[in-house]
Amino acid sequence: MSEVYAARRTRLREYCNAGGSAAALVSRPANVRYLAGAAPHGAVLLLGKTEDLLVCAGPTADRPTQERPDEALRVQPLPGVGGGDPAVAAAGLAARQGADSLAVEEHHLTVARHRALGSVAPGLRLANLCGAVEQLRVVKDEEEISCLRIGAEITDQALGELLESILVGRTERHLALELERRLVDHGADGPAFPTSVATGPNAGRPGHRPTDRRVEEGDFLSVCLGATYRGYRCEIGRTFVIGTAPADWQIELYDLVFAAQRAGRESLVPGAACRDVDRAARQVLDSAGYTEGLTALTGHGVGLEIDEDPQLSPAAMGKLDACVPVTVEPGVHLPGRGGVRIDDTLVVRPEADGGPELLTITTKELLAL
């Protein structure tokens, strides 16, 4: 992987040089990991004029193997207890290397930290790196997609096991904790985000935090979870009915959301406008009268973070490229009654390669558990 990380740093250096910056300071943890292979707590990456350095507040030798930095990258631990601020130290190192300008991630730095960078190297001109690294991260290589694929398999396995257990009488909170334990048992680093389990009137509510409400017969049960595997995060969401055959209104609502999700998935082709994918799913729900209360977006990119570019929303700019993993997750929530959410992680692929690759394969049939 060393050559992969080196190639990523070269691309960023070319971007910085084109903008007139001789060096760059990367401080956002996911971006550090993308470029360096690891992101020890508080570490920053300096793309220097003469040498690239991973600047850390302490030693990294005790981290797991998959967390070790790129071997071709020199690690610069700071001396003393706590070691000071690696970002400030890195700015001083850039100045000592002879750089006259330094591109920084202003969207990640606090105002106080930005001022500290300027004070330690007053002759260093600070420029804005903007979201350059985030844009490099959008298109994934096959190694990254492989990590997402394994994470999706772990997630499907954990969810499948839960569906085979007795659910009535158990609380949302208990089920969420059990799902997260199962993710780790099957090899995940941990959950990709806080697991959401929603029952009855809570079902289908986006971002629902589990409560002590107990599962009851006839409830909708909506679950949203994901595994982190080697830093890469995936997402799945499914909705079920508990105990009895679904009511007519539940079948009707489920079929509608399923149709919206299918329309979104089928729109995932290289070159498609991000807003058109959102529109394809949203129009199905709009036409059925569910304009109010829909989520702000139909999906988003995933990778080292669970919510990355591109955003599949009405105002989204840009088009999809091949090898971009995204979620498609429409849903409808009816206040006081509950609702449906169906969520998959897919990779955009050209039609010649079989079209979008579905990573999360747990059935989307409306099951009565």
# chains A, B, ... in the order shown; residues from 1 in each chain; ligands from 1
call {"tool": "residues_around", "arguments": {"residues": "Gly187 of chain A", "least_positions_apart": "5", "cutoff": "10 Å", "atoms": "only C-alpha atoms", "output": "number ranges by chain"}}
result
A: 150-151, 154-155, 182, 227-230
call {"tool": "closest_atom_pairs", "arguments": {"of": "segment 163-254 of chain A", "to": "segment 345-369 of chain A", "cutoff": "10 Å", "atoms": "only C-alpha atoms", "output": "tab-separated table"}}
result
residue	atom	partner	partner_atom	distance
A:Leu163	CA	A:Leu369	CA	7.0
A:Glu164	CA	A:Leu369	CA	8.1
A:Ser165	CA	A:Leu369	CA	8.9
A:Ile166	CA	A:Leu369	CA	8.4
A:Leu167	CA	A:Leu369	CA	7.9
A:Val168	CA	A:Leu369	CA	9.2
A:Glu217	CA	A:Leu369	CA	9.5
A:Gly218	CA	A:Ala368	CA	8.8
A:Asp219	CA	A:Ala368	CA	9.7
A:Phe220	CA	A:Ala368	CA	9.3
A:Leu221	CA	A:Leu369	CA	9.4
A:Gly226	CA	A:Thr345	CA	9.7
A:Arg233	CA	A:Thr345	CA	9.8
A:Cys234	CA	A:Thr345	CA	6.3
A:Glu235	CA	A:Thr345	CA	5.8
A:Ile236	CA	A:Thr360	CA	6.4
A:Gly237	CA	A:Thr360	CA	9.2
A:Arg238	CA	A:Lys364	CA	6.9
A:Thr239	CA	A:Leu366	CA	7.2
A:Phe240	CA	A:Leu367	CA	5.4
A:Val241	CA	A:Ala368	CA	4.7
A:Ile242	CA	A:Leu369	CA	4.9
A:Gly243	CA	A:Leu369	CA	5.3
A:Thr244	CA	A:Ala368	CA	6.0
A:Ala245	CA	A:Ala368	CA	6.0
A:Pro246	CA	A:Ala368	CA	6.9
A:Gln250	CA	A:Leu366	CA	9.3
A:Ile251	CA	A:Leu366	CA	7.8
A:Tyr254	CA	A:Leu366	CA	7.3
call {"tool": "write_last_selection", "arguments": {"atoms": "N, CA and C atoms", "output": "tab-separated table (two decimals), in the first residue's frame"}}
result
chain	number	residue	atom	x	y	z
A	163	LEU	N	-32.53	-10.96	13.34
A	163	LEU	CA	-33.87	-11.24	12.84
A	163	LEU	C	-34.33	-12.65	13.19
A	164	GLU	N	-33.38	-13.51	13.54
A	164	GLU	CA	-33.72	-14.88	13.92
A	164	GLU	C	-34.05	-15.01	15.41
A	165	SER	N	-33.90	-13.93	16.15
A	165	SER	CA	-34.13	-13.98	17.60
A	165	SER	C	-35.52	-13.46	17.94
A	166	ILE	N	-35.91	-13.66	19.18
A	166	ILE	CA	-37.21	-13.15	19.65
A	166	ILE	C	-37.10	-11.65	19.91
A	167	LEU	N	-38.00	-10.88	19.33
A	167	LEU	CA	-37.91	-9.43	19.40
A	167	LEU	C	-38.98	-8.79	20.29
A	168	VAL	N	-40.16	-9.38	20.36
A	168	VAL	CA	-41.26	-8.79	21.12
A	168	VAL	C	-40.87	-8.64	22.59
A	217	GLU	N	-46.40	-6.31	19.24
A	217	GLU	CA	-47.01	-6.98	18.09
A	217	GLU	C	-47.62	-5.93	17.15
A	218	GLY	N	-47.39	-6.11	15.86
A	218	GLY	CA	-47.97	-5.21	14.87
A	218	GLY	C	-47.13	-3.98	14.57
A	219	ASP	N	-46.07	-3.77	15.33
A	219	ASP	CA	-45.19	-2.62	15.10
A	219	ASP	C	-44.46	-2.72	13.77
A	220	PHE	N	-44.21	-1.57	13.16
A	220	PHE	CA	-43.10	-1.45	12.23
A	220	PHE	C	-41.82	-1.42	13.07
A	221	LEU	N	-40.78	-2.09	12.60
A	221	LEU	CA	-39.46	-2.02	13.21
A	221	LEU	C	-38.47	-1.61	12.13
A	226	GLY	N	-24.36	-0.05	10.59
A	226	GLY	CA	-23.25	-0.23	9.66
A	226	GLY	C	-22.00	-0.61	10.42
A	233	ARG	N	-16.50	2.67	6.25
A	233	ARG	CA	-17.82	2.59	6.88
A	233	ARG	C	-18.92	2.41	5.83
A	234	CYS	N	-19.81	1.45	6.11
A	234	CYS	CA	-20.95	1.21	5.23
A	234	CYS	C	-22.24	1.41	6.03
A	235	GLU	N	-23.36	1.26	5.34
A	235	GLU	CA	-24.65	1.56	5.97
A	235	GLU	C	-25.74	0.70	5.35
A	236	ILE	N	-26.65	0.22	6.20
A	236	ILE	CA	-27.83	-0.49	5.73
A	236	ILE	C	-29.02	-0.09	6.59
A	237	GLY	N	-30.20	-0.02	5.98
A	237	GLY	CA	-31.43	0.25	6.72
A	237	GLY	C	-32.54	-0.65	6.20
A	238	ARG	N	-33.26	-1.26	7.10
A	238	ARG	CA	-34.37	-2.14	6.72
A	238	ARG	C	-35.55	-1.90	7.65
A	239	THR	N	-36.75	-2.24	7.16
A	239	THR	CA	-37.96	-2.10	7.95
A	239	THR	C	-38.73	-3.42	7.89
A	240	PHE	N	-39.24	-3.83	9.05
A	240	PHE	CA	-39.97	-5.09	9.16
A	240	PHE	C	-41.27	-4.84	9.93
A	241	VAL	N	-42.14	-5.86	9.94
A	241	VAL	CA	-43.34	-5.84	10.77
A	241	VAL	C	-43.18	-6.92	11.83
A	242	ILE	N	-43.61	-6.62	13.03
A	242	ILE	CA	-43.42	-7.53	14.15
A	242	ILE	C	-44.65	-8.39	14.40
A	243	GLY	N	-44.45	-9.69	14.39
A	243	GLY	CA	-45.40	-10.65	14.94
A	243	GLY	C	-46.54	-11.10	14.06
A	244	THR	N	-47.19	-10.17	13.37
A	244	THR	CA	-48.40	-10.53	12.62
A	244	THR	C	-48.23	-10.13	11.16
A	245	ALA	N	-49.17	-10.58	10.34
A	245	ALA	CA	-49.16	-10.16	8.94
A	245	ALA	C	-49.33	-8.65	8.88
A	246	PRO	N	-48.62	-7.98	7.97
A	246	PRO	CA	-48.73	-6.52	7.91
A	246	PRO	C	-50.14	-6.06	7.56
A	250	GLN	N	-49.60	-0.63	6.03
A	250	GLN	CA	-48.17	-0.90	6.12
A	250	GLN	C	-47.61	-1.44	4.80
A	251	ILE	N	-48.36	-2.32	4.16
A	251	ILE	CA	-47.94	-2.85	2.86
A	251	ILE	C	-47.87	-1.73	1.83
A	254	TYR	N	-44.91	0.55	2.58
A	254	TYR	CA	-43.64	-0.13	2.31
A	254	TYR	C	-43.38	-0.22	0.80
call {"tool": "select_by_dssp", "arguments": {"residues": "segment 269-331 of chain A", "states": "strand (DSSP E or B)", "output": "number ranges by chain"}}
result
A: 273, 299-301, 308-312, 319, 325-328, 331
call {"tool": "residues_around", "arguments": {"residues": "segment 119-124 of chain A", "least_positions_apart": "3", "cutoff": "8 Å", "atoms": "only C-alpha atoms", "output": "tab-separated table (two decimals) with N, CA, C and O atoms, in the first residue's frame"}}
result
chain	number	residue	atom	x	y	z
A	88	VAL	N	0.71	23.11	15.16
A	88	VAL	CA	1.58	24.27	15.35
A	88	VAL	C	3.03	23.87	15.11
A	88	VAL	O	3.80	24.58	14.46
A	91	ALA	N	3.74	23.56	11.40
A	91	ALA	CA	3.93	24.85	10.72
A	91	ALA	C	5.36	25.35	10.90
A	91	ALA	O	5.98	25.87	9.96
A	92	GLY	N	5.90	25.18	12.11
A	92	GLY	CA	7.29	25.56	12.35
A	92	GLY	C	8.25	24.74	11.52
A	92	GLY	O	9.24	25.26	10.97
A	95	ALA	N	8.29	25.96	7.91
A	95	ALA	CA	9.10	27.17	7.76
A	95	ALA	C	10.59	26.83	7.75
A	95	ALA	O	11.36	27.38	6.95
A	99	ALA	N	9.75	26.61	3.24
A	99	ALA	CA	8.49	26.95	2.58
A	99	ALA	C	8.10	28.38	2.91
A	99	ALA	O	8.28	28.84	4.05
A	100	ASP	N	7.58	29.11	1.93
A	100	ASP	CA	7.10	30.47	2.18
A	100	ASP	C	5.58	30.53	2.24
A	100	ASP	O	5.00	31.57	2.56
A	101	SER	N	4.92	29.38	1.93
A	101	SER	CA	3.46	29.34	1.98
A	101	SER	C	3.03	27.95	2.43
A	101	SER	O	3.71	26.95	2.17
A	102	LEU	N	1.91	27.89	3.11
A	102	LEU	CA	1.41	26.62	3.66
A	102	LEU	C	-0.10	26.58	3.48
A	102	LEU	O	-0.83	27.44	3.99
A	115	ARG	N	-4.63	31.00	14.30
A	115	ARG	CA	-3.78	32.11	14.76
A	115	ARG	C	-2.44	31.60	15.29
A	115	ARG	O	-1.39	32.21	15.07
A	116	ALA	N	-2.48	30.46	15.99
A	116	ALA	CA	-1.25	29.89	16.54
A	116	ALA	C	-0.29	29.47	15.42
A	116	ALA	O	0.93	29.61	15.56
call {"tool": "closest_residue", "arguments": {"among": "A:Glu172, A:Gly207, A:Asn128, A:Ala296", "to": "Tyr15 of chain A", "atoms": "only C-alpha atoms"}}
result
A:Asn128
call {"tool": "closest_residue", "arguments": {"among": "A:Ser27, A:Ser196, A:Thr10, A:Thr327", "to": "Leu109 of chain A", "atoms": "only C-alpha atoms"}}
result
A:Ser27
call {"tool": "residues_around", "arguments": {"residues": "Ala316 of chain A", "least_positions_apart": "3", "cutoff": "10 Å", "atoms": "only C-alpha atoms", "output": "list in words"}}
result
Ala273, Cys274, Arg275, Asp276, Val277, Asp278, Leu297, Asp309, Pro310, Gln311, Leu312, Ser313 and Lys319 of chain A
call {"tool": "closest_residue", "arguments": {"among": "A:Leu126, A:Val133, A:Val138, A:Leu47", "to": "Gly318 of chain A", "atoms": "only C-alpha atoms"}}
result
A:Val138
call {"tool": "residues_around", "arguments": {"residues": "Thr291 of chain A", "least_positions_apart": "2", "cutoff": "12 Å", "atoms": "only C-alpha atoms", "output": "number ranges by chain"}}
result
A: 281-289, 293-296, 331-334
call {"tool": "residues_around", "arguments": {"residues": "Thr171 of chain A", "least_positions_apart": "5", "cutoff": "6 Å", "atoms": "only C-alpha atoms", "output": "ChimeraX atom specification"}}
result
/A:212-214
call {"tool": "closest_residue", "arguments": {"among": "A:Glu142, A:Glu105, A:Asp248, A:Glu178", "to": "Cys130 of chain A", "atoms": "only C-alpha atoms"}}
result
A:Glu105
call {"tool": "residues_around", "arguments": {"residues": "Ala176 of chain A", "least_positions_apart": "2", "cutoff": "10 Å", "atoms": "only C-alpha atoms", "output": "list in words"}}
result
Thr171, Glu172, Arg173, His174, Glu178, Leu179, Glu180, Arg181, Arg182, Pro194, Thr195, Ser196, Val197, Ala198, Arg209, Pro210, Thr211, Val223, Cys224 and Leu225 of chain A
call {"tool": "atom_distance", "arguments": {"atom1": "atom CA of Gly301 of chain A", "atom2": "atom CA of Arg33 of chain A"}}
result
17.4 Å
call {"tool": "decode", "arguments": {"residues": "segment 128-151 of chain A", "atoms": "N, CA, C and O atoms", "output": "JSON list (two decimals), in the first residue's frame"}}
result
[["chain", "number", "residue", "atom", "x", "y", "z"],
["A", 128, "ASN", "N", -5.76, 28.45, 1.93],
["A", 128, "ASN", "CA", -6.84, 27.53, 2.27],
["A", 128, "ASN", "C", -6.79, 26.31, 1.36],
["A", 128, "ASN", "O", -6.89, 26.43, 0.14],
["A", 129, "LEU", "N", -6.64, 25.15, 1.97],
["A", 129, "LEU", "CA", -6.64, 23.90, 1.22],
["A", 129, "LEU", "C", -8.05, 23.51, 0.79],
["A", 129, "LEU", "O", -8.23, 22.63, -0.07],
["A", 130, "CYS", "N", -9.05, 24.16, 1.38],
["A", 130, "CYS", "CA", -10.47, 23.88, 1.08],
["A", 130, "CYS", "C", -10.76, 22.40, 1.29],
["A", 130, "CYS", "O", -10.28, 21.80, 2.22],
["A", 131, "GLY", "N", -11.52, 21.79, 0.39],
["A", 131, "GLY", "CA", -11.86, 20.37, 0.52],
["A", 131, "GLY", "C", -11.09, 19.52, -0.47],
["A", 131, "GLY", "O", -11.63, 18.52, -0.97],
["A", 132, "ALA", "N", -9.83, 19.88, -0.73],
["A", 132, "ALA", "CA", -9.05, 19.17, -1.76],
["A", 132, "ALA", "C", -8.90, 17.69, -1.45],
["A", 132, "ALA", "O", -9.05, 16.84, -2.34],
["A", 133, "VAL", "N", -8.60, 17.35, -0.20],
["A", 133, "VAL", "CA", -8.41, 15.93, 0.14],
["A", 133, "VAL", "C", -9.75, 15.20, 0.07],
["A", 133, "VAL", "O", -9.83, 14.07, -0.42],
["A", 134, "GLU", "N", -10.81, 15.83, 0.54],
["A", 134, "GLU", "CA", -12.13, 15.20, 0.47],
["A", 134, "GLU", "C", -12.50, 14.87, -0.98],
["A", 134, "GLU", "O", -13.09, 13.82, -1.26],
["A", 135, "GLN", "N", -12.13, 15.75, -1.91],
["A", 135, "GLN", "CA", -12.43, 15.48, -3.31],
["A", 135, "GLN", "C", -11.58, 14.33, -3.85],
["A", 135, "GLN", "O", -12.06, 13.52, -4.66],
["A", 136, "LEU", "N", -10.34, 14.22, -3.40],
["A", 136, "LEU", "CA", -9.51, 13.08, -3.80],
["A", 136, "LEU", "C", -10.12, 11.77, -3.29],
["A", 136, "LEU", "O", -9.99, 10.72, -3.94],
["A", 137, "ARG", "N", -10.78, 11.83, -2.16],
["A", 137, "ARG", "CA", -11.32, 10.62, -1.53],
["A", 137, "ARG", "C", -12.60, 10.12, -2.18],
["A", 137, "ARG", "O", -13.02, 8.97, -1.92],
["A", 138, "VAL", "N", -13.25, 10.91, -3.02],
["A", 138, "VAL", "CA", -14.57, 10.55, -3.55],
["A", 138, "VAL", "C", -14.52, 9.25, -4.34],
["A", 138, "VAL", "O", -15.31, 8.32, -4.11],
["A", 139, "VAL", "N", -13.64, 9.16, -5.31],
["A", 139, "VAL", "CA", -13.51, 7.94, -6.11],
["A", 139, "VAL", "C", -12.60, 6.97, -5.37],
["A", 139, "VAL", "O", -11.46, 7.30, -5.03],
["A", 140, "LYS", "N", -13.10, 5.77, -5.13],
["A", 140, "LYS", "CA", -12.35, 4.78, -4.36],
["A", 140, "LYS", "C", -11.60, 3.82, -5.28],
["A", 140, "LYS", "O", -12.05, 3.51, -6.38],
["A", 141, "ASP", "N", -10.44, 3.33, -4.79],
["A", 141, "ASP", "CA", -9.75, 2.27, -5.52],
["A", 141, "ASP", "C", -10.33, 0.93, -5.07],
["A", 141, "ASP", "O", -11.15, 0.85, -4.14],
["A", 142, "GLU", "N", -9.93, -0.15, -5.74],
["A", 142, "GLU", "CA", -10.55, -1.45, -5.46],
["A", 142, "GLU", "C", -10.21, -1.96, -4.07],
["A", 142, "GLU", "O", -10.99, -2.72, -3.48],
["A", 143, "GLU", "N", -9.08, -1.56, -3.51],
["A", 143, "GLU", "CA", -8.75, -1.95, -2.13],
["A", 143, "GLU", "C", -9.73, -1.31, -1.15],
["A", 143, "GLU", "O", -10.20, -1.96, -0.20],
["A", 144, "GLU", "N", -10.04, -0.05, -1.37],
["A", 144, "GLU", "CA", -11.02, 0.63, -0.51],
["A", 144, "GLU", "C", -12.40, 0.00, -0.65],
["A", 144, "GLU", "O", -13.11, -0.22, 0.35],
["A", 145, "ILE", "N", -12.79, -0.31, -1.88],
["A", 145, "ILE", "CA", -14.10, -0.92, -2.11],
["A", 145, "ILE", "C", -14.15, -2.31, -1.48],
["A", 145, "ILE", "O", -15.19, -2.73, -0.94],
["A", 146, "SER", "N", -13.03, -3.03, -1.49],
["A", 146, "SER", "CA", -12.98, -4.34, -0.85],
["A", 146, "SER", "C", -13.24, -4.22, 0.65],
["A", 146, "SER", "O", -13.96, -5.04, 1.23],
["A", 147, "CYS", "N", -12.68, -3.19, 1.29],
["A", 147, "CYS", "CA", -12.94, -2.97, 2.72],
["A", 147, "CYS", "C", -14.42, -2.67, 2.96],
["A", 147, "CYS", "O", -15.01, -3.18, 3.93],
["A", 148, "LEU", "N", -15.03, -1.87, 2.09],
["A", 148, "LEU", "CA", -16.45, -1.58, 2.22],
["A", 148, "LEU", "C", -17.29, -2.84, 2.01],
["A", 148, "LEU", "O", -18.29, -3.07, 2.71],
["A", 149, "ARG", "N", -16.86, -3.67, 1.08],
["A", 149, "ARG", "CA", -17.60, -4.90, 0.79],
["A", 149, "ARG", "C", -17.57, -5.84, 2.00],
["A", 149, "ARG", "O", -18.60, -6.43, 2.37],
["A", 150, "ILE", "N", -16.42, -5.97, 2.63],
["A", 150, "ILE", "CA", -16.31, -6.82, 3.82],
["A", 150, "ILE", "C", -17.13, -6.24, 4.97],
["A", 150, "ILE", "O", -17.82, -6.96, 5.69],
["A", 151, "GLY", "N", -17.08, -4.91, 5.12],
["A", 151, "GLY", "CA", -17.90, -4.26, 6.14],
["A", 151, "GLY", "C", -19.38, -4.51, 5.92],
["A", 151, "GLY", "O", -20.14, -4.74, 6.88]]
